[in-house]
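Asks: Structure file start-v6.cif (mmCIF, C-alpha atoms and all ligand atoms) is given on the next line.
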data_entry
loop_
_atom_site.label_atom_id
_atom_site.label_comp_id
_atom_site.auth_asym_id
_atom_site.auth_seq_id
_atom_site.Cartn_x
_atom_site.Cartn_y
_atom_site.Cartn_z
CA MET O 1 9.62 19.52 2.56
CA CYS O 2 9.58 16.30 0.57
CA ASN O 3 13.19 16.58 -0.58
CA ARG O 4 14.80 15.94 2.72
CA ASN O 5 12.64 13.33 4.35
CA PRO O 6 11.87 9.68 3.78
CA ILE O 7 8.24 10.55 3.24
CA GLU O 8 6.24 9.62 0.22
CA CYS O 9 4.81 12.83 -1.16
CA PHE O 10 2.36 12.91 -4.02
CA VAL O 11 3.70 16.01 -5.75
CA PRO O 12 7.30 15.33 -6.77
CA PRO O 13 10.12 17.69 -5.76
CA TYR O 14 10.76 18.69 -9.39
CA ILE O 15 7.28 20.23 -9.50
CA THR O 16 7.69 22.08 -6.19
CA GLU O 17 11.10 23.35 -7.35
CA ARG O 18 9.55 24.52 -10.60
CA LEU O 19 6.75 26.28 -8.68
CA ALA O 20 9.44 28.20 -6.81
CA GLU O 21 10.24 29.84 -10.18
CA SER O 22 6.60 30.58 -11.04
CA PRO O 23 5.78 33.98 -12.59
CA ASP O 24 3.12 34.33 -9.87
CA PRO O 25 4.76 35.76 -6.72
CA GLU O 26 2.23 34.13 -4.39
CA ILE O 27 2.81 30.67 -5.93
CA ARG O 28 6.54 31.32 -5.67
CA ARG O 29 6.28 32.28 -2.00
CA ARG O 30 4.26 29.17 -1.13
CA ALA O 31 6.59 26.84 -3.01
CA ILE O 32 9.64 28.31 -1.30
CA ALA O 33 7.91 27.90 2.07
CA ASN O 34 7.03 24.29 1.18
CA LEU O 35 10.62 23.58 0.14
CA ALA O 36 12.29 25.36 3.02
CA SER O 37 10.06 24.16 5.79
CA ALA O 38 10.90 21.28 8.04
CA ALA O 39 7.19 20.59 8.43
CA ALA O 40 7.53 16.94 7.62
CA VAL O 41 10.27 16.46 10.17
CA ARG O 42 8.03 17.97 12.79
CA ALA O 43 5.09 15.98 11.49
CA VAL O 44 6.99 12.74 11.94
CA ARG O 45 7.98 13.75 15.44
CA GLU O 46 4.42 14.68 16.30
CA ILE O 47 3.05 11.46 14.90
CA SER O 48 5.57 9.36 16.77
CA GLN O 49 4.66 11.20 19.96
CA ALA O 50 1.00 10.58 19.20
CA MET O 51 1.56 6.90 18.41
CA PRO O 52 0.45 5.48 21.78
CA THR O 53 -2.92 7.23 21.32
CA LEU O 54 -3.14 6.09 17.73
CA MET O 55 -2.18 2.54 18.57
CA ALA O 56 -4.93 2.52 21.18
CA SER O 57 -7.36 3.52 18.47
CA MET O 58 -6.33 0.63 16.26
CA SER O 59 -9.25 -1.26 14.90
CA PRO O 60 -10.23 -4.05 17.31
CA SER O 61 -11.09 -6.32 14.38
CA ARG O 62 -10.11 -6.78 10.76
CA GLU O 63 -13.04 -4.58 9.71
CA LYS O 64 -12.72 -1.20 8.04
CA HIS O 65 -11.82 1.47 10.59
CA ARG O 66 -11.30 5.06 9.46
CA LEU O 67 -10.32 8.10 11.50
CA VAL O 68 -10.28 11.57 9.96
CA TYR O 69 -8.58 14.46 11.75
CA ASP O 70 -8.44 18.19 11.03
CA ALA O 71 -4.91 19.60 11.30
CA GLY O 72 -6.50 23.08 11.28
CA GLY O 73 -4.03 24.66 8.83
CA THR O 74 -1.01 23.69 10.94
CA ASP O 75 1.77 21.11 10.67
CA VAL O 76 0.78 19.36 13.89
CA LEU O 77 -0.50 15.88 13.08
CA PRO O 78 -2.90 14.28 13.43
CA GLY O 79 -4.95 17.23 14.79
CA LYS O 80 -8.52 17.14 16.06
CA LEU O 81 -10.66 14.04 15.41
CA VAL O 82 -13.61 15.10 13.23
CA ARG O 83 -15.07 11.86 11.89
CA SER O 84 -14.58 8.24 12.86
CA GLU O 85 -15.90 4.98 11.41
CA GLY O 86 -19.66 4.88 11.06
CA GLN O 87 -20.22 8.55 11.91
CA ALA O 88 -22.34 10.81 9.71
CA LYS O 89 -20.88 13.33 7.25
CA THR O 90 -19.44 16.54 8.60
CA ALA O 91 -19.80 20.00 7.03
CA ASP O 92 -16.19 19.77 5.78
CA ARG O 93 -15.87 18.45 2.23
CA ALA O 94 -12.18 17.58 2.65
CA ALA O 95 -12.92 15.44 5.73
CA ASN O 96 -15.77 13.65 3.91
CA GLU O 97 -13.60 13.00 0.85
CA ALA O 98 -10.75 11.60 2.96
CA TYR O 99 -13.27 9.36 4.73
CA ALA O 100 -15.00 8.17 1.52
CA PHE O 101 -11.84 7.61 -0.54
CA SER O 102 -9.92 5.83 2.21
CA GLY O 103 -13.03 3.63 2.49
CA ASP O 104 -12.94 2.91 -1.27
CA THR O 105 -9.26 2.01 -0.96
CA TYR O 106 -9.98 -0.36 1.94
CA ASN O 107 -12.89 -1.93 -0.01
CA TYR O 108 -10.79 -2.45 -3.13
CA PHE O 109 -7.99 -4.30 -1.32
CA ALA O 110 -10.53 -6.28 0.77
CA LYS O 111 -12.81 -7.33 -2.10
CA VAL O 112 -10.24 -7.92 -4.81
CA PHE O 113 -7.34 -9.34 -2.74
CA GLN O 114 -9.01 -10.29 0.57
CA ARG O 115 -6.50 -7.94 2.17
CA SER O 116 -7.59 -6.40 5.47
CA SER O 117 -6.27 -2.82 5.35
CA LEU O 118 -2.68 -1.77 4.71
CA ASP O 119 -1.06 -4.32 7.02
CA ASP O 120 -3.60 -7.10 6.34
CA LYS O 121 -4.41 -6.97 10.06
CA GLY O 122 -7.14 -4.34 9.99
CA MET O 123 -4.93 -1.32 10.71
CA SER O 124 -6.93 1.91 11.14
CA LEU O 125 -6.80 4.28 8.17
CA ILE O 126 -5.83 7.64 9.61
CA SER O 127 -6.10 10.86 7.59
CA SER O 128 -5.43 14.48 8.47
CA VAL O 129 -6.99 17.16 6.27
CA HIS O 130 -6.02 20.87 6.12
CA ALA O 131 -2.37 20.03 6.79
CA ALA O 132 -0.13 23.07 6.24
CA GLU O 133 3.28 24.47 7.01
CA ALA O 134 4.12 25.69 10.51
CA ASP O 135 3.48 29.28 9.44
CA GLY O 136 0.06 28.34 8.04
CA THR O 137 1.15 28.33 4.37
CA ALA O 138 -1.15 25.94 2.51
CA LEU O 139 0.48 22.70 1.48
CA ASP O 140 0.67 21.95 -2.26
CA ASN O 141 0.94 18.25 -1.49
CA ALA O 142 -0.35 15.09 0.16
CA PHE O 143 1.85 12.56 1.90
CA TRP O 144 2.06 9.25 3.73
CA ASN O 145 4.41 9.63 6.69
CA GLY O 146 4.75 5.98 7.63
CA SER O 147 1.73 6.02 9.94
CA GLN O 148 -0.96 8.14 8.38
CA MET O 149 -2.06 10.29 5.42
CA ALA O 150 -1.97 14.08 5.37
CA TYR O 151 -3.59 16.31 2.75
CA GLY O 152 -2.92 19.96 1.96
CA ASP O 153 -5.54 22.37 0.64
CA GLY O 154 -3.49 23.54 -2.36
CA ASP O 155 -2.80 27.13 -3.41
CA GLY O 156 -5.98 27.55 -5.48
CA THR O 157 -4.04 28.72 -8.56
CA VAL O 158 -2.22 25.55 -9.62
CA PHE O 159 -3.35 22.98 -7.03
CA ARG O 160 -6.74 22.34 -5.46
CA ARG O 161 -7.35 20.39 -2.26
CA PHE O 162 -5.66 16.99 -2.45
CA THR O 163 -8.61 14.98 -1.10
CA ARG O 164 -10.49 15.64 -4.36
CA SER O 165 -8.79 12.76 -6.15
CA LEU O 166 -9.56 9.10 -5.41
CA GLU O 167 -6.33 7.94 -7.08
CA VAL O 168 -4.26 10.37 -5.00
CA VAL O 169 -5.75 8.86 -1.83
CA GLY O 170 -5.30 5.35 -3.24
CA HIS O 171 -1.72 6.16 -4.29
CA GLU O 172 -0.73 7.36 -0.83
CA LEU O 173 -2.38 4.48 1.02
CA THR O 174 -0.69 2.01 -1.34
CA HIS O 175 2.63 3.35 -0.02
CA GLY O 176 1.32 1.99 3.28
CA VAL O 177 0.57 -1.42 1.74
CA GLU O 178 4.06 -1.45 0.23
CA SER O 179 5.67 -0.72 3.59
CA PHE O 180 4.13 -4.00 4.82
CA THR O 181 5.01 -6.00 1.67
CA SER O 182 7.90 -5.45 -0.78
CA ASN O 183 9.09 -2.36 1.16
CA LEU O 184 10.96 -1.15 -1.93
CA ALA O 185 13.78 1.22 -0.90
CA TYR O 186 12.82 4.80 -1.76
CA HIS O 187 15.65 5.72 -4.13
CA GLY O 188 16.75 4.85 -7.66
CA GLN O 189 14.95 2.06 -9.52
CA SER O 190 13.54 0.41 -6.37
CA GLY O 191 12.10 3.81 -5.37
CA ALA O 192 10.66 4.31 -8.86
CA LEU O 193 8.99 0.88 -8.48
CA ASN O 194 7.62 2.02 -5.11
CA GLU O 195 6.10 5.04 -6.90
CA HIS O 196 4.97 2.79 -9.76
CA PHE O 197 2.96 0.42 -7.56
CA ALA O 198 1.38 3.40 -5.78
CA ASP O 199 0.24 4.74 -9.18
CA VAL O 200 -0.89 1.27 -10.35
CA PHE O 201 -3.17 0.65 -7.38
CA GLY O 202 -4.25 4.30 -7.21
CA ILE O 203 -5.54 4.14 -10.80
CA LEU O 204 -6.96 0.62 -10.36
CA ILE O 205 -9.01 1.72 -7.35
CA ARG O 206 -10.49 4.52 -9.45
CA GLN O 207 -11.21 2.29 -12.47
CA TRP O 208 -12.70 -0.37 -10.15
CA LYS O 209 -14.93 2.17 -8.41
CA ARG O 210 -16.18 3.46 -11.78
CA GLY O 211 -16.41 0.02 -13.40
CA GLU O 212 -14.25 1.17 -16.33
CA LYS O 213 -12.62 -1.00 -19.00
CA ALA O 214 -8.89 -0.72 -19.61
CA ALA O 215 -9.41 0.24 -23.27
CA THR O 216 -11.53 3.30 -22.53
CA ALA O 217 -10.40 4.31 -19.03
CA SER O 218 -8.19 7.33 -18.35
CA TRP O 219 -4.60 6.62 -17.27
CA VAL O 220 -3.98 10.16 -16.04
CA ILE O 221 -3.07 10.56 -12.38
CA GLY O 222 -4.02 13.62 -10.34
CA ALA O 223 -6.22 15.60 -12.78
CA ALA O 224 -8.68 16.46 -10.00
CA VAL O 225 -6.05 18.13 -7.81
CA LEU O 226 -5.04 20.59 -10.55
CA VAL O 227 -6.80 23.84 -11.37
CA PRO O 228 -7.70 23.22 -15.03
CA ALA O 229 -5.55 24.90 -17.71
CA PRO O 230 -4.77 24.02 -21.36
CA THR O 231 -1.13 23.30 -20.46
CA ARG O 232 -1.87 20.58 -17.85
CA ARG O 233 -3.92 17.35 -17.79
CA GLY O 234 -2.56 15.73 -14.64
CA ILE O 235 0.57 15.05 -12.61
CA ARG O 236 1.45 11.90 -14.54
CA ASP O 237 0.08 9.98 -17.52
CA MET O 238 0.69 6.26 -17.07
CA GLU O 239 0.04 5.40 -20.71
CA GLU O 240 1.95 8.35 -22.21
CA PRO O 241 4.58 9.38 -19.65
CA GLY O 242 6.06 12.81 -20.28
CA THR O 243 2.84 14.36 -21.61
CA ALA O 244 0.82 15.20 -18.47
CA PHE O 245 1.81 18.88 -18.62
CA THR O 246 3.63 20.84 -21.30
CA ASN O 247 5.15 24.33 -21.16
CA ASP O 248 2.96 25.13 -18.18
CA PRO O 249 3.87 28.55 -16.75
CA HIS O 250 3.97 27.09 -13.23
CA LEU O 251 4.76 23.39 -13.72
CA GLY O 252 7.05 23.42 -16.76
CA THR O 253 7.04 20.17 -18.80
CA ASP O 254 6.45 16.63 -17.54
CA PRO O 255 9.93 15.02 -17.27
CA GLN O 256 8.83 11.35 -17.18
CA PRO O 257 10.55 8.99 -19.65
CA ALA O 258 8.47 6.39 -21.50
CA HIS O 259 11.38 4.07 -22.39
CA ILE O 260 14.41 2.64 -20.57
CA SER O 261 16.74 4.35 -23.09
CA LYS O 262 15.64 7.72 -21.62
CA ILE O 263 16.03 6.74 -17.96
CA TYR O 264 17.01 9.64 -15.67
CA SER O 265 20.30 8.89 -13.92
CA GLY O 266 20.84 12.07 -11.89
CA SER O 267 20.50 12.52 -8.14
CA ARG O 268 17.39 14.72 -8.02
CA ASP O 269 14.12 13.29 -6.72
CA ARG O 270 16.04 10.55 -4.83
CA GLY O 271 17.45 9.33 -8.11
CA GLY O 272 14.28 9.94 -10.09
CA VAL O 273 11.70 7.99 -8.08
CA HIS O 274 8.81 10.09 -9.48
CA ILE O 275 10.52 10.47 -12.87
CA ASN O 276 11.51 6.94 -13.86
CA SER O 277 8.23 5.43 -12.59
CA GLY O 278 6.98 6.47 -16.04
CA ILE O 279 8.79 3.46 -17.56
CA PRO O 280 7.06 0.66 -15.56
CA ASN O 281 3.83 2.72 -15.53
CA ARG O 282 3.70 2.57 -19.33
CA ALA O 283 4.43 -1.17 -19.27
CA PHE O 284 1.51 -1.67 -16.90
CA ALA O 285 -0.95 0.44 -18.94
CA LEU O 286 0.08 -1.36 -22.15
CA ALA O 287 -0.24 -4.80 -20.49
CA ALA O 288 -3.66 -3.94 -19.03
CA LYS O 289 -4.96 -2.77 -22.41
CA SER O 290 -3.52 -5.78 -24.19
CA LEU O 291 -5.12 -8.15 -21.64
CA LYS O 292 -8.47 -6.45 -22.38
CA GLY O 293 -11.46 -6.26 -20.05
CA LYS O 294 -11.06 -4.46 -16.75
CA ALA O 295 -7.55 -3.69 -15.61
CA TRP O 296 -8.03 -4.86 -12.02
CA ASP O 297 -9.29 -8.28 -13.11
CA VAL O 298 -6.11 -9.73 -14.58
CA ALA O 299 -3.38 -7.06 -14.83
CA GLY O 300 -4.11 -5.83 -11.29
CA ARG O 301 -3.85 -9.34 -9.83
CA ILE O 302 -0.59 -9.97 -11.69
CA TRP O 303 0.91 -6.72 -10.40
CA TYR O 304 -0.32 -7.37 -6.85
CA ASN O 305 1.38 -10.78 -6.79
CA ALA O 306 4.53 -9.23 -8.24
CA MET O 307 4.52 -6.57 -5.51
CA LEU O 308 4.35 -9.31 -2.88
CA ALA O 309 7.20 -11.19 -4.59
CA LEU O 310 9.64 -8.24 -4.75
CA ASN O 311 11.95 -7.00 -2.01
CA GLU O 312 13.49 -3.70 -1.02
CA ALA O 313 16.39 -3.93 -3.49
CA SER O 314 14.34 -4.96 -6.55
CA GLN O 315 15.06 -3.22 -9.87
CA PHE O 316 12.98 -2.77 -13.04
CA LEU O 317 14.12 -6.08 -14.54
CA ASP O 318 13.15 -7.90 -11.31
CA CYS O 319 9.70 -6.36 -11.52
CA ALA O 320 9.34 -7.30 -15.18
CA LYS O 321 10.35 -10.90 -14.39
CA ALA O 322 7.99 -11.06 -11.38
CA THR O 323 5.01 -9.85 -13.43
CA VAL O 324 5.75 -12.26 -16.29
CA GLU O 325 6.03 -15.07 -13.72
CA ALA O 326 2.77 -14.02 -12.01
CA ALA O 327 1.05 -13.85 -15.42
CA ARG O 328 1.65 -17.59 -15.99
CA THR O 329 -1.33 -18.48 -13.79
CA HIS O 330 -3.53 -16.57 -16.25
CA GLY O 331 -2.36 -18.61 -19.24
CA PRO O 332 0.30 -18.35 -21.97
CA ALA O 333 -1.43 -15.46 -23.75
CA ALA O 334 -1.33 -13.36 -20.57
CA LYS O 335 2.33 -14.17 -20.05
CA LYS O 336 3.08 -13.15 -23.64
CA ALA O 337 1.10 -9.90 -23.32
CA VAL O 338 2.96 -8.87 -20.16
CA ALA O 339 6.39 -9.68 -21.64
CA ALA O 340 5.48 -7.75 -24.82
CA ALA O 341 4.43 -4.69 -22.77
CA TRP O 342 7.81 -4.60 -20.99
CA LYS O 343 9.59 -5.03 -24.31
CA LYS O 344 7.86 -1.88 -25.61
CA VAL O 345 9.53 0.15 -22.84
CA GLY O 346 12.89 -1.49 -23.60
CA ILE O 347 12.97 -4.17 -20.90
CA THR O 348 13.38 -7.71 -22.17
CA VAL O 349 12.60 -10.63 -19.84
ZN ZN N 401 4.08 8.41 -4.07
#
With the file now loaded, output its structure as structure tokens.

Replies:
Amino acid sequence: MCNRNPIECFVPPYITERLAESPDPEIRRRAIANLASAAAVRAVREISQAMPTLMASMSPSREKHRLVYDAGGTDVLPGKLVRSEGQAKTADRAANEAYAFSGDTYNYFAKVFQRSSLDDKGMSLISSVHAAEADGTALDNAFWNGSQMAYGDGDGTVFRRFTRSLEVVGHELTHGVESFTSNLAYHGQSGALNEHFADVFGILIRQWKRGEKAATASWVIGAAVLVPAPTRRGIRDMEEPGTAFTNDPHLGTDPQPAHISKIYSGSRDRGGVHINSGIPNRAFALAAKSLKGKAWDVAGRIWYNAMLALNEASQFLDCAKATVEAARTHGPAAKKAVAAAWKKVGITV
């Protein structure tokens, strides 16, 4: 479903395609249903039809305003409202996770960047849990459809429910922030930068929430949405791209390059948006570690300012230049550290 639509899905198409060749017939069936379905097309139509209602529920102020819906194992979004801002927990763990983690994402952008929600105007954070295909097949994915978040429950063999991971929620909502800022076009290098910033702020939100230092924090994205197995540690590893999963019977091997010399230049995955993001991801992780302390303190601010400075056509070199430029306000050592990190992935400013 994520191959054919301009929708930012968390699980890249190369993983879903690989799942369609899984030795497990049930995993295979689900992946084929996920690939073949036009669920996202319908989801977009439903959401656009529902927009007047959603617009009416926009937050009246710049304060945090969350709405969590239950799609009830269908592809009709948003579904039934189950928890809104200030209401007590429900009996549904997925709904409570979507509520809590979208709140953490709001708090991070508000406290660190004085940004009021995705649009900086207090836009409501809308989530649908238990999103599925039209035939009820569980969704092995989470996505931002331009207006809201939707989370699948996973197949239970490879993927678990997608609300389990704070950085997955942060990643998807950052796609929303990007749509109101740089709006990087979702193909080729600009698309890989779009994916990159979603990973950067997804991981920063998690490290910020846990109070972790860059030197000791994990840089693995999506561990909590995978059923544990020795062949998989996550969906992506920002510090060591290409090592998140290896010879996994269902997922295959992580295809992310860690250096510009290995950049993927084919047409799959919209020209490698989830593949080539490994290159800037590694530059960010290296810069954050080199700058020491907590990654959101300096590296996060540099990358946020760079995201605001870029535009929809920006390429890797533009991003490298923008971060080096943004680093100047943190002193010559910071500027040097950021330039050195890009150089390690083969991009010289
Ligand atoms: Zn994404």

Asks: Give me, as a list in words, the set of residues whose atoms come within 7 Å of any atom of ligand ZN 401 (chain N), counting all atoms listed in the file.

Replies: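 Listing the residues within 7 Å of ligand ZN 401 (chain N) gives Glu8, Cys9, Phe10, His171, Glu172, His175, Glu195 and Ala198 of chain O.
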
Asks: Which value, in Å to one decimal, gives the distance between atom CA of Ile126 of chain O and atom CA of Ser147 of chain O?

Replies: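 Distance between the two atoms: 7.7 Å.
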
Asks: If we count all atoms listed in the file, what is near Arg28 of chain O at a cut-off of 10 Å, once residues fewer than 3 positions away on the same chain are taken out, given as a list in words?

Replies: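 Counting all atoms listed in the file, the residues come to Thr16, Glu17, Arg18, Leu19, Ala20, Glu21, Ser22, Pro23, Asp24, Pro25, Ala31, Ile32, Ala33, Asn34 and His250 of chain O.
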
Asks: My list of candidates is O:Asp104, O:Asp254, O:Asp318, O:Glu312. Which is closest to Tyr14 of chain O when distances are computed with only C-alpha atoms?

Replies: O:Asp254

Asks: Please list, as a list in words, the residues that have an atom at most 10 Å away from (16.3, 4.5, -19.9) in the coordinates of this file, counting all atoms listed in the file.

Replies: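 Every polymer residue passing the test: Pro257, Ala258, His259, Ile260, Ser261, Lys262, Ile263, Tyr264, Ser265, Asn276, Ile279, Val345, Gly346 and Ile347 of chain O.
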
Asks: I'd like the neighbourhood of Leu317 of chain O as a CSV table (one decimal) with C-alpha atoms, in the frame of the given file, where a residue qualifies if any of its atoms comes within 12 Å (using only C-alpha atoms), though same-chain residues fewer than 6 positions away should be ignored.

Replies:
chain,number,residue,atom,x,y,z
O,189,GLN,CA,15.0,2.1,-9.5
O,190,SER,CA,13.5,0.4,-6.4
O,193,LEU,CA,9.0,0.9,-8.5
O,260,ILE,CA,14.4,2.6,-20.6
O,279,ILE,CA,8.8,3.5,-17.6
O,280,PRO,CA,7.1,0.7,-15.6
O,283,ALA,CA,4.4,-1.2,-19.3
O,306,ALA,CA,4.5,-9.2,-8.2
O,310,LEU,CA,9.6,-8.2,-4.8
O,323,THR,CA,5.0,-9.8,-13.4
O,324,VAL,CA,5.8,-12.3,-16.3
O,339,ALA,CA,6.4,-9.7,-21.6
O,342,TRP,CA,7.8,-4.6,-21.0
O,343,LYS,CA,9.6,-5.0,-24.3
O,345,VAL,CA,9.5,0.2,-22.8
O,346,GLY,CA,12.9,-1.5,-23.6
O,347,ILE,CA,13.0,-4.2,-20.9
O,348,THR,CA,13.4,-7.7,-22.2
O,349,VAL,CA,12.6,-10.6,-19.8

Asks: What does the structure give for the distance between atom CA of Ala94 of chain O and atom CA of Ser124 of chain O, in Å to one decimal?

Replies: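 One can read the atom CA of Ala94 of chain O to atom CA of Ser124 of chain O distance as 18.6 Å.
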
Asks: Can you write segment 273-286 of chain O from the block above with N, CA and C atoms, as a tab-separated table (two decimals), in the first residue's frame?

Replies:
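Result file is result-v5.tsv:
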chain	number	residue	atom	x	y	z
O	273	VAL	N	14.21	6.37	-0.81
O	273	VAL	CA	14.02	7.33	0.30
O	273	VAL	C	14.32	6.71	1.67
O	274	HIS	N	13.93	5.42	1.86
O	274	HIS	CA	14.22	4.77	3.15
O	274	HIS	C	15.58	4.08	3.13
O	275	ILE	N	16.21	4.01	1.96
O	275	ILE	CA	17.50	3.33	1.85
O	275	ILE	C	18.63	4.33	2.08
O	276	ASN	N	18.62	5.40	1.25
O	276	ASN	CA	19.73	6.35	1.31
O	276	ASN	C	19.69	7.28	2.52
O	277	SER	N	18.59	7.28	3.28
O	277	SER	CA	18.56	8.07	4.51
O	277	SER	C	19.64	7.59	5.48
O	278	GLY	N	20.16	6.39	5.26
O	278	GLY	CA	21.25	5.87	6.10
O	278	GLY	C	22.48	6.78	6.06
O	279	ILE	N	22.72	7.43	4.92
O	279	ILE	CA	23.93	8.26	4.77
O	279	ILE	C	23.86	9.51	5.67
O	280	PRO	N	22.82	10.37	5.53
O	280	PRO	CA	22.72	11.51	6.47
O	280	PRO	C	22.46	11.06	7.91
O	281	ASN	N	21.76	9.93	8.10
O	281	ASN	CA	21.54	9.45	9.48
O	281	ASN	C	22.87	9.22	10.19
O	282	ARG	N	23.81	8.57	9.48
O	282	ARG	CA	25.12	8.30	10.10
O	282	ARG	C	25.85	9.61	10.38
O	283	ALA	N	25.75	10.56	9.46
O	283	ALA	CA	26.40	11.86	9.69
O	283	ALA	C	25.84	12.51	10.95
O	284	PHE	N	24.53	12.42	11.14
O	284	PHE	CA	23.92	13.02	12.33
O	284	PHE	C	24.39	12.32	13.61
O	285	ALA	N	24.35	10.99	13.62
O	285	ALA	CA	24.76	10.25	14.83
O	285	ALA	C	26.23	10.55	15.17
O	286	LEU	N	27.09	10.60	14.14
O	286	LEU	CA	28.51	10.90	14.38
O	286	LEU	C	28.68	12.32	14.90
